[in-house]
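Pasting query-v7.tsv here (TSV, C-alpha atoms):
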```tsv
chain	number	residue	atom	x	y	z
G	1	MET	CA	-86.43	-115.13	-11.97
G	2	VAL	CA	-86.06	-118.88	-11.51
G	3	ILE	CA	-84.87	-120.52	-8.30
G	4	GLU	CA	-83.01	-123.77	-8.93
G	5	TYR	CA	-82.38	-126.50	-6.39
G	6	ALA	CA	-79.63	-128.67	-7.78
G	7	ASP	CA	-76.83	-131.09	-6.97
G	8	LEU	CA	-73.57	-130.39	-8.82
G	9	GLU	CA	-72.85	-134.12	-9.26
G	10	CYS	CA	-76.32	-134.89	-10.66
G	11	PRO	CA	-76.39	-135.51	-14.42
G	12	TYR	CA	-80.00	-134.31	-14.72
G	13	CYS	CA	-78.92	-131.02	-13.10
G	14	ALA	CA	-76.19	-130.71	-15.72
G	15	LYS	CA	-78.77	-131.18	-18.43
G	16	ALA	CA	-81.07	-128.60	-16.86
G	17	HIS	CA	-78.16	-126.16	-16.61
G	18	LEU	CA	-77.39	-126.44	-20.32
G	19	ILE	CA	-81.02	-125.56	-21.07
G	20	LEU	CA	-81.35	-122.74	-18.53
G	21	LYS	CA	-78.09	-121.01	-19.51
G	22	GLU	CA	-79.53	-120.33	-22.97
G	23	LEU	CA	-82.66	-118.65	-21.61
G	24	PRO	CA	-83.06	-114.95	-20.81
G	25	VAL	CA	-83.87	-115.50	-17.16
G	26	THR	CA	-82.21	-114.57	-13.87
G	27	ARG	CA	-81.08	-117.72	-12.11
G	28	VAL	CA	-80.90	-118.16	-8.36
G	29	PHE	CA	-78.99	-121.27	-7.35
G	30	ARG	CA	-79.59	-123.25	-4.16
G	31	HIS	CA	-77.62	-126.32	-3.20
G	32	PHE	CA	-79.50	-129.58	-2.80
G	33	PRO	CA	-76.75	-132.17	-2.37
G	34	VAL	CA	-78.02	-135.77	-2.18
G	35	VAL	CA	-74.95	-137.48	-0.79
G	36	SER	CA	-76.36	-141.02	-0.63
G	37	LYS	CA	-76.68	-140.83	-4.40
G	38	HIS	CA	-73.76	-138.50	-5.18
G	39	PRO	CA	-70.89	-138.90	-2.70
G	40	ARG	CA	-69.09	-135.74	-3.91
G	41	ALA	CA	-72.19	-133.54	-3.83
G	42	ARG	CA	-71.43	-131.63	-0.64
G	43	VAL	CA	-67.72	-131.30	-1.47
G	44	LEU	CA	-68.64	-129.75	-4.82
G	45	ALA	CA	-71.25	-127.46	-3.29
G	46	ALA	CA	-68.62	-126.22	-0.83
G	47	ALA	CA	-66.10	-125.72	-3.66
G	48	ALA	CA	-68.58	-123.57	-5.57
G	49	GLU	CA	-69.27	-121.51	-2.45
G	50	ALA	CA	-65.55	-121.14	-1.75
G	51	ALA	CA	-65.04	-119.89	-5.32
G	52	GLY	CA	-67.99	-117.58	-4.67
G	53	LEU	CA	-66.16	-115.98	-1.77
G	54	GLN	CA	-63.61	-114.88	-4.39
G	55	GLY	CA	-66.33	-113.71	-6.74
G	56	ARG	CA	-66.30	-116.78	-8.99
G	57	PHE	CA	-69.35	-118.80	-7.93
G	58	TRP	CA	-70.96	-119.04	-11.36
G	59	GLU	CA	-67.70	-119.82	-13.09
G	60	MET	CA	-67.11	-122.77	-10.75
G	61	HIS	CA	-70.78	-123.81	-10.95
G	62	ASP	CA	-70.68	-123.85	-14.78
G	63	SER	CA	-67.33	-125.61	-14.87
G	64	LEU	CA	-68.47	-128.43	-12.55
G	65	LEU	CA	-71.80	-129.00	-14.27
G	66	GLU	CA	-70.24	-128.88	-17.73
G	67	ASP	CA	-67.54	-131.44	-16.94
G	68	GLN	CA	-68.84	-133.94	-14.41
G	69	GLY	CA	-66.16	-136.43	-15.43
G	70	HIS	CA	-63.59	-134.47	-13.41
G	71	LEU	CA	-64.77	-133.89	-9.87
G	72	ASP	CA	-61.93	-135.14	-7.65
G	73	ASP	CA	-59.85	-132.80	-5.51
G	74	PRO	CA	-56.98	-132.40	-8.04
G	75	HIS	CA	-59.59	-131.40	-10.63
G	76	LEU	CA	-60.96	-128.79	-8.23
G	77	TRP	CA	-57.45	-127.37	-7.69
G	78	GLU	CA	-56.90	-127.29	-11.43
G	79	ARG	CA	-60.10	-125.31	-11.88
G	80	ALA	CA	-59.21	-122.94	-9.04
G	81	VAL	CA	-55.80	-122.27	-10.57
G	82	ARG	CA	-57.30	-121.71	-14.01
G	83	MET	CA	-59.75	-119.20	-12.55
G	84	GLY	CA	-56.90	-117.38	-10.86
G	85	LEU	CA	-58.21	-118.05	-7.36
G	86	ASP	CA	-56.06	-117.70	-4.27
G	87	ILE	CA	-55.67	-121.44	-3.82
G	88	ASP	CA	-54.83	-121.44	-0.10
G	89	GLN	CA	-57.86	-119.32	0.60
G	90	PHE	CA	-59.99	-121.59	-1.62
G	91	GLU	CA	-58.78	-124.68	0.27
G	92	ALA	CA	-59.49	-123.12	3.66
G	93	ASP	CA	-62.88	-121.78	2.63
G	94	ARG	CA	-64.23	-124.97	1.09
G	95	ARG	CA	-63.57	-126.78	4.36
G	96	SER	CA	-64.88	-124.02	6.60
G	97	ALA	CA	-67.86	-124.32	8.91
G	98	ALA	CA	-69.39	-121.15	7.44
G	99	VAL	CA	-69.45	-122.63	3.94
G	100	ALA	CA	-70.84	-125.96	5.21
G	101	GLU	CA	-73.57	-124.05	7.02
G	102	ARG	CA	-74.41	-122.08	3.91
G	103	VAL	CA	-74.84	-125.32	1.93
G	104	GLU	CA	-76.89	-126.90	4.72
G	105	ARG	CA	-79.13	-123.82	4.87
G	106	ASP	CA	-79.86	-124.16	1.16
G	107	PHE	CA	-80.54	-127.88	1.51
G	108	HIS	CA	-82.84	-127.34	4.48
G	109	SER	CA	-84.79	-124.62	2.66
G	110	GLY	CA	-85.25	-127.10	-0.20
G	111	ILE	CA	-86.59	-129.77	2.16
G	112	ARG	CA	-89.04	-127.26	3.65
G	113	ALA	CA	-90.13	-126.23	0.15
G	114	GLY	CA	-90.89	-129.87	-0.66
G	115	VAL	CA	-87.99	-130.55	-3.04
G	116	ALA	CA	-87.94	-134.31	-3.61
G	117	THR	CA	-86.01	-134.60	-6.83
G	118	THR	CA	-83.05	-132.85	-8.45
G	119	PRO	CA	-83.20	-130.57	-10.23
G	120	THR	CA	-86.31	-128.72	-9.06
G	121	GLN	CA	-86.96	-125.22	-10.35
G	122	PHE	CA	-89.35	-122.71	-8.80
G	123	LEU	CA	-91.01	-120.07	-10.94
G	124	SER	CA	-93.41	-117.65	-9.23
G	125	GLY	CA	-93.64	-120.01	-6.27
G	126	LYS	CA	-94.59	-123.06	-8.33
G	127	ALA	CA	-92.32	-126.10	-8.30
G	128	HIS	CA	-91.16	-127.62	-11.60
G	129	PRO	CA	-89.35	-130.86	-10.76
G	130	GLY	CA	-86.99	-132.45	-13.24
G	131	VAL	CA	-85.20	-131.26	-16.36
G	132	PRO	CA	-87.21	-128.34	-17.84
G	133	ASP	CA	-89.69	-129.58	-20.45
G	134	ALA	CA	-90.97	-127.70	-23.48
G	135	SER	CA	-93.82	-125.92	-21.71
G	136	PHE	CA	-91.62	-124.80	-18.81
G	137	ILE	CA	-88.96	-123.56	-21.23
G	138	GLU	CA	-91.65	-121.56	-23.01
G	139	ALA	CA	-92.74	-120.03	-19.68
G	140	LEU	CA	-89.15	-118.94	-19.04
G	141	ARG	CA	-88.75	-117.15	-22.37
K	1	MET	CA	-106.87	-144.94	1.34
K	2	ILE	CA	-106.72	-145.58	5.06
K	3	GLU	CA	-107.77	-142.59	7.17
K	4	PRO	CA	-106.38	-141.21	10.44
K	5	GLY	CA	-108.00	-142.81	13.46
K	6	SER	CA	-108.22	-146.28	11.91
K	7	PRO	CA	-106.21	-149.09	13.43
K	8	ALA	CA	-103.26	-149.81	11.10
K	9	PRO	CA	-103.64	-153.34	9.67
K	10	ASP	CA	-100.77	-155.46	10.96
K	11	PHE	CA	-98.55	-157.21	8.43
K	12	THR	CA	-95.45	-159.35	8.24
K	13	LEU	CA	-93.28	-158.96	5.14
K	14	PRO	CA	-89.74	-159.97	4.23
K	15	ASP	CA	-87.20	-157.14	4.05
K	16	GLN	CA	-84.34	-156.90	1.53
K	17	ASP	CA	-82.42	-159.61	3.40
K	18	GLY	CA	-85.37	-161.95	3.72
K	19	ASN	CA	-85.91	-161.15	7.42
K	20	LYS	CA	-89.53	-161.00	8.49
K	21	VAL	CA	-90.60	-157.54	9.61
K	22	SER	CA	-93.94	-156.96	11.33
K	23	LEU	CA	-95.63	-153.66	11.98
K	24	ALA	CA	-96.26	-154.93	15.52
K	25	ASP	CA	-92.46	-154.91	16.09
K	26	PHE	CA	-92.68	-151.12	16.05
K	27	ARG	CA	-95.38	-150.76	18.70
K	28	GLY	CA	-94.32	-147.90	20.98
K	29	ARG	CA	-92.69	-145.99	18.12
K	30	THR	CA	-93.94	-143.87	15.27
K	31	VAL	CA	-93.57	-145.55	11.88
K	32	VAL	CA	-93.91	-143.92	8.50
K	33	LEU	CA	-94.87	-146.40	5.77
K	34	VAL	CA	-93.60	-145.22	2.40
K	35	PHE	CA	-95.60	-147.01	-0.31
K	36	TYR	CA	-94.10	-146.57	-3.77
K	37	PRO	CA	-94.76	-148.20	-7.16
K	38	ALA	CA	-91.47	-149.80	-8.12
K	39	ASP	CA	-87.75	-150.15	-7.42
K	40	PHE	CA	-85.44	-148.50	-9.97
K	41	SER	CA	-87.97	-146.10	-11.45
K	42	ARG	CA	-86.43	-142.66	-11.57
K	43	VAL	CA	-88.93	-140.92	-9.37
K	44	CYS	CA	-88.76	-143.47	-6.55
K	45	THR	CA	-84.99	-143.24	-6.61
K	46	ASP	CA	-85.15	-139.56	-5.84
K	47	GLN	CA	-87.83	-139.90	-3.19
K	48	LEU	CA	-85.96	-142.46	-1.09
K	49	SER	CA	-82.58	-140.75	-1.67
K	50	VAL	CA	-83.93	-137.50	-0.28
K	51	TYR	CA	-85.52	-139.28	2.71
K	52	GLN	CA	-82.16	-140.93	3.32
K	53	GLU	CA	-80.51	-137.50	3.61
K	54	VAL	CA	-82.88	-136.46	6.40
K	55	LEU	CA	-83.17	-139.88	8.08
K	56	PRO	CA	-81.22	-138.67	11.16
K	57	GLN	CA	-83.78	-135.88	11.64
K	58	PHE	CA	-86.66	-138.35	11.34
K	59	GLU	CA	-84.96	-140.58	13.90
K	60	GLU	CA	-84.43	-137.61	16.23
K	61	GLN	CA	-88.18	-137.19	16.18
K	62	GLY	CA	-88.61	-140.84	17.10
K	63	ALA	CA	-89.88	-141.96	13.72
K	64	ALA	CA	-88.83	-145.05	11.75
K	65	LEU	CA	-89.29	-145.27	7.97
K	66	LEU	CA	-90.23	-148.42	6.05
K	67	GLY	CA	-90.35	-148.54	2.26
K	68	ILE	CA	-92.95	-150.92	0.77
K	69	SER	CA	-93.42	-151.95	-2.86
K	70	VAL	CA	-94.49	-155.10	-4.71
K	71	ASP	CA	-90.90	-155.84	-5.76
K	72	GLY	CA	-89.31	-159.01	-4.39
K	73	ALA	CA	-86.68	-159.11	-1.65
K	74	PHE	CA	-83.76	-159.70	-4.06
K	75	CYS	CA	-84.79	-156.74	-6.14
K	76	HIS	CA	-85.03	-154.63	-2.98
K	77	LYS	CA	-81.53	-155.71	-2.00
K	78	ALA	CA	-80.11	-154.55	-5.33
K	79	PHE	CA	-82.11	-151.32	-5.23
K	80	ARG	CA	-80.97	-150.55	-1.70
K	81	GLU	CA	-77.34	-150.99	-2.72
K	82	HIS	CA	-77.95	-148.86	-5.80
K	83	LEU	CA	-79.38	-146.05	-3.68
K	84	ASN	CA	-76.91	-146.51	-0.86
K	85	THR	CA	-79.84	-146.23	1.50
K	86	THR	CA	-80.32	-147.72	4.97
K	87	ILE	CA	-84.11	-147.48	4.90
K	88	PRO	CA	-85.54	-151.03	5.18
K	89	LEU	CA	-87.46	-152.05	2.05
K	90	LEU	CA	-90.30	-154.53	2.47
K	91	ALA	CA	-91.49	-156.88	-0.25
K	92	ASP	CA	-95.29	-156.85	-0.66
K	93	PHE	CA	-94.66	-159.57	-3.21
K	94	HIS	CA	-96.65	-162.66	-2.24
K	95	PRO	CA	-99.58	-162.52	-2.22
K	96	LYS	CA	-98.84	-159.54	-4.41
K	97	GLY	CA	-99.97	-156.20	-3.04
K	98	GLU	CA	-101.81	-157.63	-0.05
K	99	VAL	CA	-100.55	-154.95	2.32
K	100	ALA	CA	-101.13	-152.18	-0.22
K	101	LYS	CA	-104.71	-153.43	-0.55
K	102	ALA	CA	-105.19	-153.50	3.23
K	103	TYR	CA	-104.11	-149.84	3.36
K	104	GLY	CA	-106.24	-148.85	0.38
K	105	VAL	CA	-103.28	-147.75	-1.76
K	106	TRP	CA	-103.45	-150.49	-4.39
K	107	SER	CA	-103.63	-149.48	-8.05
K	108	GLU	CA	-105.51	-152.19	-9.90
K	109	GLU	CA	-104.73	-150.47	-13.20
K	110	TYR	CA	-100.95	-150.68	-12.80
K	111	GLY	CA	-100.67	-153.63	-10.42
K	112	VAL	CA	-98.54	-151.69	-7.94
K	113	ALA	CA	-98.94	-149.60	-4.79
K	114	SER	CA	-99.70	-145.98	-5.53
K	115	ARG	CA	-97.29	-143.48	-4.05
K	116	SER	CA	-98.55	-142.87	-0.52
K	117	LEU	CA	-97.40	-142.13	3.00
K	118	VAL	CA	-99.02	-143.53	6.14
K	119	MET	CA	-97.91	-142.50	9.63
K	120	VAL	CA	-98.72	-145.04	12.33
K	121	GLY	CA	-98.56	-143.89	15.94
K	122	PRO	CA	-96.97	-145.75	18.85
K	123	ASP	CA	-100.41	-147.19	19.68
K	124	GLY	CA	-100.80	-148.77	16.22
K	125	VAL	CA	-103.41	-146.25	15.06
K	126	VAL	CA	-103.04	-144.33	11.79
K	127	GLN	CA	-102.19	-140.71	12.64
K	128	TRP	CA	-101.84	-139.31	9.14
K	129	SER	CA	-102.01	-140.49	5.57
K	130	TYR	CA	-101.22	-138.88	2.24
K	131	SER	CA	-101.79	-140.02	-1.30
K	132	SER	CA	-99.57	-138.38	-3.87
K	133	PRO	CA	-101.12	-137.00	-7.07
K	134	PRO	CA	-99.84	-138.85	-10.18
K	135	LEU	CA	-96.25	-137.91	-11.13
K	136	GLU	CA	-95.76	-135.93	-7.94
K	137	VAL	CA	-93.21	-136.98	-5.38
K	138	PRO	CA	-94.07	-136.25	-1.75
K	139	GLY	CA	-91.33	-134.15	-0.17
K	140	ALA	CA	-89.85	-134.89	3.23
K	141	ASN	CA	-91.52	-131.68	4.43
K	142	LEU	CA	-94.89	-133.47	4.47
K	143	ILE	CA	-93.52	-136.05	6.90
K	144	PHE	CA	-91.90	-133.38	9.09
K	145	ASP	CA	-95.16	-131.43	9.17
K	146	ALA	CA	-97.10	-134.56	10.14
K	147	LEU	CA	-94.55	-135.38	12.86
K	148	GLU	CA	-94.83	-131.85	14.26
K	149	GLN	CA	-98.60	-132.03	14.35
K	150	ARG	CA	-98.69	-135.26	16.34
K	151	THR	CA	-100.91	-135.12	19.37
K	152	PRO	CA	-99.08	-136.42	22.41
K	153	ALA	CA	-100.13	-140.02	23.05
```

Output the file's structure in the form of structure tokens.
Amino acid sequence: MVIEYADLECPYCAKAHLILKELPVTRVFRHFPVVSKHPRARVLAAAAEAAGLQGRFWEMHDSLLEDQGHLDDPHLWERAVRMGLDIDQFEADRRSAAVAERVERDFHSGIRAGVATTPTQFLSGKAHPGVPDASFIEALR
Amino acid sequence: MIEPGSPAPDFTLPDQDGNKVSLADFRGRTVVLVFYPADFSRVCTDQLSVYQEVLPQFEEQGAALLGISVDGAFCHKAFREHLNTTIPLLADFHPKGEVAKAYGVWSEEYGVASRSLVMVGPDGVVQWSYSSPPLEVPGANLIFDALEQRTPA
């Protein structure tokens, strides 16, 4: 099992995702939005959580990371419609305090764990900052 | 590098706007000096971006952060805009690395400050210092831990 701290607007996280999705490993995702660098980071984290409340977290996660050229609100609605989400519910949820708290909890846990770069992966308690390199990929196989 | 209990060497350096900033200006407050090798290197970008995210929490605990590298003030200005950070960046540019040398964090091999954190107490005495192993980026947790372990002045 690998725990990933990532920012959905971060291009290095997108690269890491494309590597990790091909590996036979259980992925646990934690939000680590760095808003000063990526202004949409928290909005996207909340959108993924809101999709998650309708059982579509990973679909939204994959969709955002695999097309970071389309991250504005209309693009989020388009995704939600394509996934067959209840759009009113999605809109309410992604702005809710509960979802914001969930994202903040993830971020805070990352700070406490010493995350200082995105992405950072944890395997058996050891931090692997950055896009997975060859030796880390081997360890995940 | 400089050890806890030593008086922090005072310095005056220009910030990103060319204003002179002295350590002595911060007497009465806790200051965390963030020495880093260079503006615009990928690792530094992440380090300061993450500190920026938790800056309000550092401030709540009465701590100010100052970034210090050997880059010049104009470079700092561009880097600060690039990062969208409000952390002041000080130019240890001329004579190059003088402050880094005074704090024992100078890398002669690379001609830059090595990645290090120094916490200076309100009385101007070093309370905590940390030198990062090569290629590792010190997380904000280290600073929070050091702030929590402060002995009341």

Show me, as number ranges by chain, every residue of chain G with an atom at most 6 Å from chain K, counting only C-alpha atoms.
G: 36-37, 111-112, 114-117

Near K:Pro95, counting all atoms listed in the file, which residues have an atom at most 12 Å away, once you skip same-chain residues fewer than 6 positions from it, shown as a compact mmCIF listing (two decimals) with C-alpha atoms, keeping the file's coordinate frame?
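See result_7.txt below for the written result:
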```txt
# COMPACT_ATOMS: atom_id res chain seq x y z
CA PHE K 11 -98.55 -157.21 8.43
CA THR K 12 -95.45 -159.35 8.24
CA LEU K 13 -93.28 -158.96 5.14
CA VAL K 70 -94.49 -155.10 -4.71
CA ASP K 71 -90.90 -155.84 -5.76
CA GLY K 72 -89.31 -159.01 -4.39
CA LYS K 101 -104.71 -153.43 -0.55
CA ALA K 102 -105.19 -153.50 3.23
```

For G:Pro119, please output as a ChimeraX atom specification all residues within 9 Å (counting all atoms listed in the file; exclusion window: fewer than 2 positions along the same chain).
/G:4-7,10,12-14,16,32,115-117,121,128-132

Kindly extract all protein, DNA and RNA residues lying within 12 Å of the coordinates (-103.3, -150.5, -3.4) given in the file, considering all atoms listed in the file, and supply them as a PyMOL selection string.
chain K and resi 1-2+35-37+68-70+92+96-116+131

For the residues selected in the previous step, produce a file with C-alpha atoms as a short mmCIF file (atom, residue, chain, number, x, y, z; two decimals), in the frame of the given file.
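Output contents, as saved in out.cif:
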```
data_model
loop_
_atom_site.label_atom_id
_atom_site.label_comp_id
_atom_site.auth_asym_id
_atom_site.auth_seq_id
_atom_site.Cartn_x
_atom_site.Cartn_y
_atom_site.Cartn_z
CA MET K 1 -106.87 -144.94 1.34
CA ILE K 2 -106.72 -145.58 5.06
CA PHE K 35 -95.60 -147.01 -0.31
CA TYR K 36 -94.10 -146.57 -3.77
CA PRO K 37 -94.76 -148.20 -7.16
CA ILE K 68 -92.95 -150.92 0.77
CA SER K 69 -93.42 -151.95 -2.86
CA VAL K 70 -94.49 -155.10 -4.71
CA ASP K 92 -95.29 -156.85 -0.66
CA LYS K 96 -98.84 -159.54 -4.41
CA GLY K 97 -99.97 -156.20 -3.04
CA GLU K 98 -101.81 -157.63 -0.05
CA VAL K 99 -100.55 -154.95 2.32
CA ALA K 100 -101.13 -152.18 -0.22
CA LYS K 101 -104.71 -153.43 -0.55
CA ALA K 102 -105.19 -153.50 3.23
CA TYR K 103 -104.11 -149.84 3.36
CA GLY K 104 -106.24 -148.85 0.38
CA VAL K 105 -103.28 -147.75 -1.76
CA TRP K 106 -103.45 -150.49 -4.39
CA SER K 107 -103.63 -149.48 -8.05
CA GLU K 108 -105.51 -152.19 -9.90
CA GLU K 109 -104.73 -150.47 -13.20
CA TYR K 110 -100.95 -150.68 -12.80
CA GLY K 111 -100.67 -153.63 -10.42
CA VAL K 112 -98.54 -151.69 -7.94
CA ALA K 113 -98.94 -149.60 -4.79
CA SER K 114 -99.70 -145.98 -5.53
CA ARG K 115 -97.29 -143.48 -4.05
CA SER K 116 -98.55 -142.87 -0.52
CA SER K 131 -101.79 -140.02 -1.30
#
```

Under the rule that all atoms listed in the file are counted, which of K:Gly62, K:Glu148, K:Ala73, K:Val120 is the nearest residue to K:Leu23?
K:Val120

So how far away is atom CA of G:Thr120 from atom CA of G:Arg141, in Å?
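So the two atoms, atom CA of G:Arg141 and atom CA of G:Thr120, lie 17.8 Å apart.
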
What is the atom CA of K:Gln127-atom CA of K:Pro4 distance in Å, reported with one decimal?
4.8 Å
